[in-house]
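Chemist: Pasting protein-v1.txt here (compact mmCIF, C-alpha atoms and all ligand atoms):
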# COMPACT_ATOMS: atom_id res chain seq x y z
CA MET K 1 135.85 114.30 51.58
CA THR K 2 132.66 112.24 51.61
CA LEU K 3 134.17 109.90 54.21
CA ARG K 4 134.76 112.87 56.50
CA ALA K 5 131.09 113.76 56.12
CA VAL K 6 130.19 110.12 56.93
CA ALA K 7 132.35 110.25 60.07
CA GLU K 8 130.74 113.55 61.10
CA LEU K 9 127.22 112.13 60.71
CA ILE K 10 128.23 109.12 62.86
CA GLU K 11 129.72 111.38 65.52
CA ALA K 12 126.63 113.62 65.54
CA SER K 13 124.15 110.73 65.85
CA ARG K 14 122.43 109.69 69.07
CA HIS K 15 120.83 106.44 67.87
CA ALA K 16 122.76 104.87 65.00
CA VAL K 17 121.67 101.57 63.47
CA ALA K 18 123.43 99.58 60.72
CA LEU K 19 121.83 97.45 58.02
CA THR K 20 124.26 94.97 56.48
CA GLY K 21 124.28 92.42 53.68
CA ALA K 22 126.54 89.88 52.05
CA GLY K 23 128.99 92.60 50.88
CA VAL K 24 130.37 93.08 54.41
CA SER K 25 131.59 89.46 54.32
CA THR K 26 133.06 89.12 50.80
CA GLU K 27 136.42 90.38 52.10
CA SER K 28 136.19 87.58 54.71
CA GLY K 29 136.12 85.13 51.79
CA ILE K 30 132.35 84.49 51.69
CA PRO K 31 130.82 85.16 48.25
CA ASP K 32 127.72 87.33 47.97
CA PHE K 33 124.65 86.39 45.92
CA ARG K 34 124.38 88.84 43.04
CA SER K 35 127.91 89.97 42.12
CA ASP K 36 129.60 88.44 39.02
CA SER K 37 131.33 85.89 41.27
CA GLY K 38 128.22 85.51 43.47
CA LEU K 39 126.54 82.25 44.50
CA TRP K 40 123.67 82.58 42.01
CA ARG K 41 125.96 82.52 39.00
CA ASP K 42 125.58 78.76 38.41
CA VAL K 43 122.51 77.66 40.38
CA SER K 44 118.91 78.69 40.77
CA PRO K 45 118.09 80.12 44.20
CA MET K 46 114.72 78.38 43.95
CA ASP K 47 116.48 74.98 43.88
CA VAL K 48 118.84 75.50 46.79
CA ALA K 49 117.45 78.37 48.87
CA SER K 50 113.67 78.03 48.86
CA ILE K 51 111.51 76.04 51.25
CA ASP K 52 109.98 74.17 48.29
CA GLY K 53 113.45 73.32 46.92
CA PHE K 54 114.52 72.06 50.37
CA ARG K 55 111.42 69.85 50.76
CA GLU K 56 111.73 68.54 47.20
CA ASP K 57 115.39 67.51 47.45
CA PRO K 58 117.15 67.98 50.83
CA GLU K 59 120.23 66.12 49.52
CA ARG K 60 120.65 68.68 46.72
CA PHE K 61 120.27 71.43 49.36
CA TYR K 62 123.02 70.01 51.61
CA ARG K 63 125.30 69.08 48.70
CA PHE K 64 125.29 72.78 47.76
CA TRP K 65 125.51 74.29 51.25
CA ALA K 66 127.53 71.87 53.45
CA PRO K 67 131.01 72.68 52.03
CA LYS K 68 130.25 76.41 52.06
CA LEU K 69 128.99 76.28 55.64
CA LEU K 70 131.96 74.30 56.90
CA SER K 71 134.30 76.94 55.44
CA LEU K 72 132.46 79.61 57.45
CA LYS K 73 134.09 78.35 60.63
CA ASP K 74 137.52 79.63 59.51
CA ALA K 75 136.27 83.00 58.21
CA GLU K 76 137.53 86.06 60.06
CA PRO K 77 135.71 89.42 60.42
CA SER K 78 136.40 92.14 57.86
CA ALA K 79 137.07 95.86 58.40
CA ALA K 80 133.30 96.43 58.06
CA HIS K 81 132.52 94.01 60.92
CA ARG K 82 135.31 95.56 63.01
CA LEU K 83 134.07 99.12 62.38
CA LEU K 84 130.56 98.28 63.61
CA ALA K 85 131.84 96.36 66.66
CA GLY K 86 134.17 99.27 67.48
CA LEU K 87 131.28 101.76 67.24
CA GLU K 88 129.14 99.63 69.58
CA SER K 89 131.93 99.40 72.15
CA ARG K 90 132.11 103.24 72.13
CA GLY K 91 128.33 103.45 72.64
CA ARG K 92 127.83 104.73 69.06
CA MET K 93 125.93 101.80 67.50
CA GLN K 94 122.61 100.71 68.96
CA ALA K 95 121.98 97.67 66.75
CA VAL K 96 123.23 95.86 63.67
CA VAL K 97 120.41 94.56 61.50
CA THR K 98 121.92 91.92 59.24
CA GLN K 99 120.68 89.82 56.35
CA ASN K 100 123.77 87.65 56.78
CA ILE K 101 123.73 84.21 58.28
CA ASP K 102 127.48 83.84 58.86
CA GLY K 103 127.83 85.05 62.48
CA LEU K 104 130.78 87.34 61.66
CA HIS K 105 129.32 90.43 63.34
CA GLN K 106 129.20 88.46 66.60
CA LYS K 107 132.72 87.11 66.00
CA ALA K 108 133.94 90.72 65.63
CA GLY K 109 132.37 91.62 68.99
CA SER K 110 128.97 93.15 68.11
CA THR K 111 126.44 92.02 70.71
CA ARG K 112 123.22 93.69 69.50
CA VAL K 113 122.81 91.80 66.22
CA LEU K 114 119.36 91.24 64.71
CA GLU K 115 119.62 88.34 62.22
CA VAL K 116 116.56 89.06 60.10
CA HIS K 117 117.23 86.14 57.72
CA GLY K 118 117.98 83.72 60.57
CA THR K 119 121.21 81.78 61.05
CA PHE K 120 122.98 78.84 59.46
CA ARG K 121 124.77 78.03 62.73
CA GLU K 122 121.71 76.31 64.24
CA PHE K 123 119.45 73.52 63.01
CA ARG K 124 116.05 72.13 64.06
CA CYS K 125 114.88 68.54 63.58
CA LEU K 126 111.57 68.45 61.72
CA ALA K 127 110.86 65.00 63.23
CA CYS K 128 111.39 65.58 66.99
CA GLY K 129 112.02 69.35 67.32
CA THR K 130 115.52 69.00 68.84
CA GLU K 131 117.76 72.00 68.17
CA THR K 132 121.42 71.51 67.39
CA THR K 133 124.45 73.40 66.05
CA MET K 134 126.63 73.33 62.93
CA GLU K 135 128.77 70.47 64.29
CA VAL K 136 126.13 68.08 62.84
CA LEU K 137 127.50 68.90 59.40
CA GLU K 138 131.02 67.58 60.15
CA PRO K 139 130.29 63.86 59.91
CA CYS K 140 127.46 64.37 57.40
CA ALA K 141 127.59 61.98 54.44
CA ALA K 142 124.71 63.19 52.30
CA LEU K 143 122.20 64.42 54.89
CA PRO K 144 122.96 65.48 58.49
CA ALA K 145 121.23 63.38 61.17
CA CYS K 146 119.50 64.57 64.36
CA THR K 147 121.72 63.90 67.38
CA SER K 148 118.63 63.01 69.42
CA CYS K 149 116.33 60.86 67.23
CA GLY K 150 118.65 60.07 64.28
CA ALA K 151 116.17 61.31 61.65
CA THR K 152 117.72 62.98 58.60
CA ARG K 153 115.19 65.78 58.66
CA LEU K 154 117.30 68.65 60.01
CA ARG K 155 116.71 72.10 58.62
CA PRO K 156 118.85 75.18 59.21
CA LYS K 157 117.22 78.02 61.15
CA VAL K 158 117.71 80.27 58.18
CA VAL K 159 114.88 82.02 56.34
CA LEU K 160 114.39 80.37 52.94
CA PHE K 161 112.63 82.01 50.00
CA GLY K 162 108.91 81.48 50.53
CA GLU K 163 109.09 81.78 54.35
CA MET K 164 108.11 84.48 56.84
CA LEU K 165 110.80 86.55 58.54
CA PRO K 166 111.52 85.86 62.24
CA ALA K 167 110.58 88.07 65.21
CA ALA K 168 113.98 89.78 64.82
CA PHE K 169 112.54 91.69 61.86
CA GLY K 170 109.90 93.34 64.09
CA LEU K 171 112.69 94.38 66.48
CA ALA K 172 114.67 95.72 63.51
CA GLU K 173 111.71 97.89 62.47
CA MET K 174 111.51 99.26 66.04
CA GLU K 175 115.24 100.07 66.02
CA VAL K 176 115.00 101.82 62.66
CA ARG K 177 111.96 103.87 63.77
CA ALA K 178 113.99 105.05 66.81
CA ALA K 179 117.15 105.74 64.79
CA ASP K 180 118.48 109.14 63.75
CA LEU K 181 121.07 107.48 61.49
CA LEU K 182 120.91 104.34 59.35
CA ILE K 183 124.20 103.11 57.86
CA VAL K 184 123.58 100.64 55.04
CA MET K 185 126.58 98.48 54.09
CA GLY K 186 127.23 95.77 51.51
CA THR K 187 123.71 95.12 50.30
CA SER K 188 122.10 95.50 46.88
CA LEU K 189 118.81 96.40 48.66
CA GLU K 190 116.92 94.14 46.27
CA VAL K 191 115.45 91.79 48.88
CA TYR K 192 112.19 92.88 50.56
CA PRO K 193 110.89 93.39 53.18
CA VAL K 194 114.38 94.17 54.54
CA ALA K 195 115.11 96.82 51.88
CA GLY K 196 111.94 98.58 53.09
CA LEU K 197 113.88 99.57 56.24
CA VAL K 198 115.52 102.33 54.18
CA PRO K 199 112.28 104.21 53.31
CA LEU K 200 111.13 103.49 56.89
CA ALA K 201 114.23 105.30 58.19
CA ARG K 202 113.49 108.23 55.88
CA ARG K 203 109.91 108.45 57.11
CA SER K 204 111.29 108.49 60.67
CA ARG K 205 113.52 111.43 59.66
CA ALA K 206 116.77 109.52 60.10
CA LYS K 207 119.80 110.32 57.98
CA VAL K 208 120.75 107.49 55.61
CA ILE K 209 124.29 106.59 54.51
CA ILE K 210 124.89 103.87 51.89
CA LEU K 211 128.38 102.29 51.68
CA ASN K 212 128.44 99.76 48.83
CA ARG K 213 130.70 98.88 45.90
CA ASP K 214 127.89 98.97 43.32
CA GLU K 215 124.96 101.35 43.06
CA THR K 216 121.84 100.17 44.88
CA ALA K 217 118.18 100.47 44.02
CA LEU K 218 117.69 102.99 46.84
CA ASP K 219 120.67 105.34 46.44
CA ASP K 220 118.24 108.21 45.78
CA GLU K 221 116.93 107.85 49.35
CA ALA K 222 120.37 108.38 50.90
CA ASP K 223 121.97 111.55 52.24
CA LEU K 224 125.44 110.18 51.44
CA VAL K 225 126.53 107.35 49.13
CA VAL K 226 130.07 105.94 48.93
CA ASN K 227 130.62 103.46 46.07
CA ASP K 228 133.88 101.71 46.96
CA GLU K 229 135.24 98.50 48.46
CA LEU K 230 134.26 98.30 52.12
CA GLY K 231 137.80 97.34 53.16
CA ALA K 232 139.04 100.74 51.98
CA THR K 233 135.99 102.70 53.19
CA CYS K 234 135.81 101.08 56.62
CA GLY K 235 139.58 101.09 57.15
CA GLN K 236 139.57 104.88 56.65
CA LEU K 237 136.51 105.34 58.86
CA ILE K 238 138.18 103.34 61.65
CA THR K 239 141.11 105.78 61.45
CA LEU K 240 138.95 108.92 61.15
CA LEU K 241 136.82 107.87 64.14
CA GLY K 242 139.83 106.78 66.19
CA LEU K 243 138.45 103.27 66.80
P1 LIG Y 301 123.62 90.81 47.34
O1 LIG Y 301 122.35 91.05 46.64
O2 LIG Y 301 124.53 89.74 46.81
O3 LIG Y 301 124.41 92.22 47.34
C1 LIG Y 301 125.68 92.35 47.88
C2 LIG Y 301 126.13 93.79 47.62
O4 LIG Y 301 127.38 93.94 48.30
C3 LIG Y 301 126.35 94.12 46.15
O5 LIG Y 301 125.58 95.26 45.80
C4 LIG Y 301 127.86 94.41 46.04
O6 LIG Y 301 128.12 95.57 45.26
C5 LIG Y 301 128.24 94.69 47.46
N1 LIG Y 301 129.61 94.24 47.77
C6 LIG Y 301 130.13 93.01 47.61
N2 LIG Y 301 131.39 92.97 48.06
C7 LIG Y 301 131.68 94.23 48.46
C8 LIG Y 301 132.83 94.85 49.01
N3 LIG Y 301 133.96 94.18 49.22
N4 LIG Y 301 132.77 96.17 49.31
C9 LIG Y 301 131.63 96.89 49.09
N5 LIG Y 301 130.51 96.35 48.60
C10 LIG Y 301 130.54 95.04 48.28
O7 LIG Y 301 123.42 90.50 48.88
P2 LIG Y 301 122.35 91.12 49.88
O8 LIG Y 301 122.91 90.94 51.24
O9 LIG Y 301 121.89 92.44 49.47
O10 LIG Y 301 121.12 90.12 49.67
C11 LIG Y 301 120.47 89.63 50.70
C12 LIG Y 301 120.67 88.11 50.84
C13 LIG Y 301 122.11 87.67 50.65
C14 LIG Y 301 120.36 87.68 52.23
O11 LIG Y 301 119.31 86.78 52.19
C15 LIG Y 301 121.61 86.99 52.80
O12 LIG Y 301 121.24 85.93 53.64
C16 LIG Y 301 122.32 86.50 51.63
N6 LIG Y 301 123.75 86.14 51.73
C17 LIG Y 301 124.43 86.17 52.91
C18 LIG Y 301 125.77 85.82 52.99
C19 LIG Y 301 126.48 85.87 54.31
O13 LIG Y 301 125.89 85.57 55.34
N7 LIG Y 301 127.74 86.27 54.31
C20 LIG Y 301 126.44 85.44 51.82
C21 LIG Y 301 125.71 85.38 50.61
C22 LIG Y 301 124.37 85.75 50.59
Hey, can you dump this file as structure tokens for me?
Modeler:
Amino acid sequence: MTLRAVAELIEASRHAVALTGAGVSTESGIPDFRSDSGLWRDVSPMDVASIDGFREDPERFYRFWAPKLLSLKDAEPSAAHRLLAGLESRGRMQAVVTQNIDGLHQKAGSTRVLEVHGTFREFRCLACGTETTMEVLEPCAALPACTSCGATRLRPKVVLFGEMLPAAFGLAEMEVRAADLLIVMGTSLEVYPVAGLVPLARRSRAKVIILNRDETALDDEADLVVNDELGATCGQLITLLGL
């Protein structure tokens, strides 16, 4: 019943925007951060995901991330990624604002993706400024080396704790201000400033739908909430919307 109402809101919208988090990719085999099996179960985010932790011990950083990043290459889009790509191809999704760094929205076919926490597919050398892609991780022993100057001072173009968000976040705010529907999927809405896009949508009089397995901190702000696995929810929405 609620999914029918979700489909109706999508069909009635003129400017729909999605906000996604790690939960859209767990069914692609990529763990999220805060679930029981999430990445923060055994390590401190401040050690392996903050700019201070990276500067202090880049080897620890790459030891943690390199195997996870290499496995990203084989990951395939989930029903959630496919739903959003299908909506865009029908002219029903103006932008996907994502906190994810895995590139799966693009792999599914979404073209208007705003990566507000950056990307782990690209790296920049802190010694010479050369930009390079994830291939540098393949031959990496302990630390990946710059293909241009050889320095082992490559950092991913991802936003680490303690850093500013990229320009994509300003574009995301513009999209949300223009939206009449915000569909929030697979995020605990605990990380700011991104979670602030939900109250921003409300202030702009957009409808808000939250599709997430667990309750989120901002469920009270939503017009509709569906607490279920996204594979089931999005599979049914794909059918209901004829995508
Ligand atoms: P989070 O705080 O770990 O929350 C994920 C949410 O997704 C939870 O509330 C879960 O209930 C929900 N969820 C998980 N699996 C499913 C599922 N199959 N169906 C429905 N709901 C599900 O992650 P957030 O995205 O909210 O936190 C923001 C961080 C996580 C960003 O900085 C990301 O960069 C970061 N992250 C990204 C990835 C990725 O790129 N795939 C993976 C892990 C973490």
Chemist: Name each residue within 8 Å of ligand LIG 301 (chain Y), counting all atoms listed in the file, as a PDB file with C-alpha atoms, keeping the file's coordinate frame.
Modeler:
ATOM      1  CA  THR K  20     124.260  94.970  56.480  1.00  0.00           C
ATOM      2  CA  GLY K  21     124.280  92.420  53.680  1.00  0.00           C
ATOM      3  CA  ALA K  22     126.540  89.880  52.050  1.00  0.00           C
ATOM      4  CA  GLY K  23     128.990  92.600  50.880  1.00  0.00           C
ATOM      5  CA  VAL K  24     130.370  93.080  54.410  1.00  0.00           C
ATOM      6  CA  SER K  25     131.590  89.460  54.320  1.00  0.00           C
ATOM      7  CA  THR K  26     133.060  89.120  50.800  1.00  0.00           C
ATOM      8  CA  GLU K  27     136.420  90.380  52.100  1.00  0.00           C
ATOM      9  CA  ILE K  30     132.350  84.490  51.690  1.00  0.00           C
ATOM     10  CA  PRO K  31     130.820  85.160  48.250  1.00  0.00           C
ATOM     11  CA  ASP K  32     127.720  87.330  47.970  1.00  0.00           C
ATOM     12  CA  PHE K  33     124.650  86.390  45.920  1.00  0.00           C
ATOM     13  CA  ARG K  34     124.380  88.840  43.040  1.00  0.00           C
ATOM     14  CA  SER K  35     127.910  89.970  42.120  1.00  0.00           C
ATOM     15  CA  GLY K  38     128.220  85.510  43.470  1.00  0.00           C
ATOM     16  CA  LEU K  39     126.540  82.250  44.500  1.00  0.00           C
ATOM     17  CA  GLN K  99     120.680  89.820  56.350  1.00  0.00           C
ATOM     18  CA  ASN K 100     123.770  87.650  56.780  1.00  0.00           C
ATOM     19  CA  ILE K 101     123.730  84.210  58.280  1.00  0.00           C
ATOM     20  CA  ASP K 102     127.480  83.840  58.860  1.00  0.00           C
ATOM     21  CA  GLY K 103     127.830  85.050  62.480  1.00  0.00           C
ATOM     22  CA  HIS K 117     117.230  86.140  57.720  1.00  0.00           C
ATOM     23  CA  GLY K 118     117.980  83.720  60.570  1.00  0.00           C
ATOM     24  CA  VAL K 159     114.880  82.020  56.340  1.00  0.00           C
ATOM     25  CA  MET K 185     126.580  98.480  54.090  1.00  0.00           C
ATOM     26  CA  GLY K 186     127.230  95.770  51.510  1.00  0.00           C
ATOM     27  CA  THR K 187     123.710  95.120  50.300  1.00  0.00           C
ATOM     28  CA  SER K 188     122.100  95.500  46.880  1.00  0.00           C
ATOM     29  CA  LEU K 189     118.810  96.400  48.660  1.00  0.00           C
ATOM     30  CA  GLU K 190     116.920  94.140  46.270  1.00  0.00           C
ATOM     31  CA  VAL K 191     115.450  91.790  48.880  1.00  0.00           C
ATOM     32  CA  LEU K 211     128.380 102.290  51.680  1.00  0.00           C
ATOM     33  CA  ASN K 212     128.440  99.760  48.830  1.00  0.00           C
ATOM     34  CA  ARG K 213     130.700  98.880  45.900  1.00  0.00           C
ATOM     35  CA  ASP K 214     127.890  98.970  43.320  1.00  0.00           C
ATOM     36  CA  GLU K 215     124.960 101.350  43.060  1.00  0.00           C
ATOM     37  CA  THR K 216     121.840 100.170  44.880  1.00  0.00           C
ATOM     38  CA  ASN K 227     130.620 103.460  46.070  1.00  0.00           C
ATOM     39  CA  ASP K 228     133.880 101.710  46.960  1.00  0.00           C
ATOM     40  CA  GLU K 229     135.240  98.500  48.460  1.00  0.00           C
ATOM     41  CA  LEU K 230     134.260  98.300  52.120  1.00  0.00           C
ATOM     42  CA  GLY K 231     137.800  97.340  53.160  1.00  0.00           C
TER      43      GLY K 231
END
Chemist: List every residue of stretch 46-150 of chain K that has an atom at most 9 Å from any atom of stretch 165-178 of chain K, giving for each one its closest atom pair and the distance in Å to one decimal, counting only C-alpha atoms, sorted by chain and then by ascending residue number, as CSV.
Modeler:
residue,atom,partner,partner_atom,distance
K:Gln94,CA,K:Glu175,CA,8.0
K:Ala95,CA,K:Glu175,CA,7.2
K:Val96,CA,K:Ala172,CA,8.6
K:Val97,CA,K:Ala172,CA,6.2
K:Leu114,CA,K:Ala168,CA,5.6
K:Glu115,CA,K:Ala168,CA,6.4
K:Val116,CA,K:Phe169,CA,5.1
K:His117,CA,K:Leu165,CA,6.5
K:Gly118,CA,K:Pro166,CA,7.0
Chemist: Create the file for the chosen residues now, containing C-alpha atoms and written as an mmCIF file, keeping the file's coordinate frame.
Modeler:
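And here is the file that came out, selection-v3.cif:
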data_model
loop_
_atom_site.group_PDB
_atom_site.id
_atom_site.type_symbol
_atom_site.label_atom_id
_atom_site.label_comp_id
_atom_site.auth_asym_id
_atom_site.auth_seq_id
_atom_site.Cartn_x
_atom_site.Cartn_y
_atom_site.Cartn_z
ATOM 1 C CA GLN K 94 122.610 100.710 68.960
ATOM 2 C CA ALA K 95 121.980 97.670 66.750
ATOM 3 C CA VAL K 96 123.230 95.860 63.670
ATOM 4 C CA VAL K 97 120.410 94.560 61.500
ATOM 5 C CA LEU K 114 119.360 91.240 64.710
ATOM 6 C CA GLU K 115 119.620 88.340 62.220
ATOM 7 C CA VAL K 116 116.560 89.060 60.100
ATOM 8 C CA HIS K 117 117.230 86.140 57.720
ATOM 9 C CA GLY K 118 117.980 83.720 60.570
#
Chemist: Measuring between only C-alpha atoms, which one of K:Leu197, K:Ala79, K:Val184, K:Leu84 shows the shortest distance to K:Leu224?
Modeler: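 Distance minimum relative to K:Leu224 lands on K:Val184.
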Chemist: From the set K:Arg14, K:Arg60, K:Arg41, K:Arg82, which residue has the shortest atom-to-atom contact distance to K:Ser28, counting all atoms listed in the file?
Modeler: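 Comparing K:Arg14, K:Arg60, K:Arg41, K:Arg82 against K:Ser28, the winner is K:Arg82.
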Chemist: Rounded to one decimal in Å, what is the spacing between atom CA of K:Cys146 and atom CA of K:Lys107?
Modeler: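 Computing it gives 26.2 Å between the two atoms.
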Chemist: Padding 5 Å on every side, please: axis-aligned box over the listed atoms of stretch 172-182 of chain K, centre and edge lengths to one decimal in Å, as JSON.
Modeler:
{"center_x": 116.3, "center_y": 102.4, "center_z": 63.1, "size_x": 19.6, "size_y": 23.4, "size_z": 17.5}
Chemist: Of the residues K:Ser78, K:Ser89, K:Thr130, K:Ser148, which is the one nearest to K:His105, using all atoms listed in the file?
Modeler: K:Ser78
Chemist: If I take atom CA of K:Leu87 and atom CA of K:Val208, how far is one from the other in Å, to one decimal?
Modeler: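 Result for atom CA of K:Leu87 versus atom CA of K:Val208: 16.7 Å, one decimal.
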Chemist: Which neighbours of K:Val136 fall inside 9 Å, counting only C-alpha atoms, when residues of the same chain fewer than 4 positions from it are skipped, and could you give them as an MDAnalysis selection string?
Modeler: chainID K and resid 123 132 140 144:147
Chemist: Record the distance separating atom CA of K:Leu237 and atom CA of K:Arg4, expressed in Å with one decimal.
Modeler: 8.1 Å
Chemist: Which residues, written as a list in words, have at least one atom at most 10 Å from K:Ser204, with all atoms listed in the file counted and residues fewer than 3 positions away on the same chain left out?
Modeler: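 Counting all atoms listed in the file, the residues come to Val176, Arg177, Ala178, Ala179, Asp180, Leu181, Val198, Pro199, Leu200, Ala201 and Lys207 of chain K.
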Chemist: My list of candidates is K:Glu88, K:Arg202, K:Ile238, K:Ala12. Which is closest to K:Asp220 when distances are computed with all atoms listed in the file?
Modeler: K:Arg202
Chemist: At a cut-off of 10 Å, using all atoms listed in the file, what residues contact K:Leu137? Leave out same-chain residues fewer than 6 positions from it and give the result as number ranges by chain.
Modeler: K: 62, 65-67, 69-70, 123, 143-145
Chemist: Skipping near chain neighbours, those fewer than 4 positions away, what residues fall within 10 Å of K:Gly29 using only C-alpha atoms, listed as a list in words?
Modeler: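 The residues that qualify are Ser25, Ser71, Leu72, Asp74, Ala75, Glu76, Pro77 and Ser78 of chain K.
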Chemist: Generate a file of the selected residues that holds C-alpha atoms, formatted as a CSV table (one decimal), keeping the file's coordinate frame.
Modeler:
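The resulting part26.csv:
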chain,number,residue,atom,x,y,z
K,25,SER,CA,131.6,89.5,54.3
K,71,SER,CA,134.3,76.9,55.4
K,72,LEU,CA,132.5,79.6,57.4
K,74,ASP,CA,137.5,79.6,59.5
K,75,ALA,CA,136.3,83.0,58.2
K,76,GLU,CA,137.5,86.1,60.1
K,77,PRO,CA,135.7,89.4,60.4
K,78,SER,CA,136.4,92.1,57.9
Chemist: Find the residue from K:Gly91, K:Pro58, K:Gly86, K:Pro45 that sits nearest to K:Leu154; use only C-alpha atoms when measuring.
Modeler: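 Between K:Gly91, K:Pro58, K:Gly86, K:Pro45, the residue approaching K:Leu154 most closely is K:Pro58.
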Chemist: Calculated over only C-alpha atoms, which of the candidates K:Asp47, K:Arg121, K:Ala195, K:Arg205 has the smallest distance to K:Leu218?
Modeler: K:Ala195
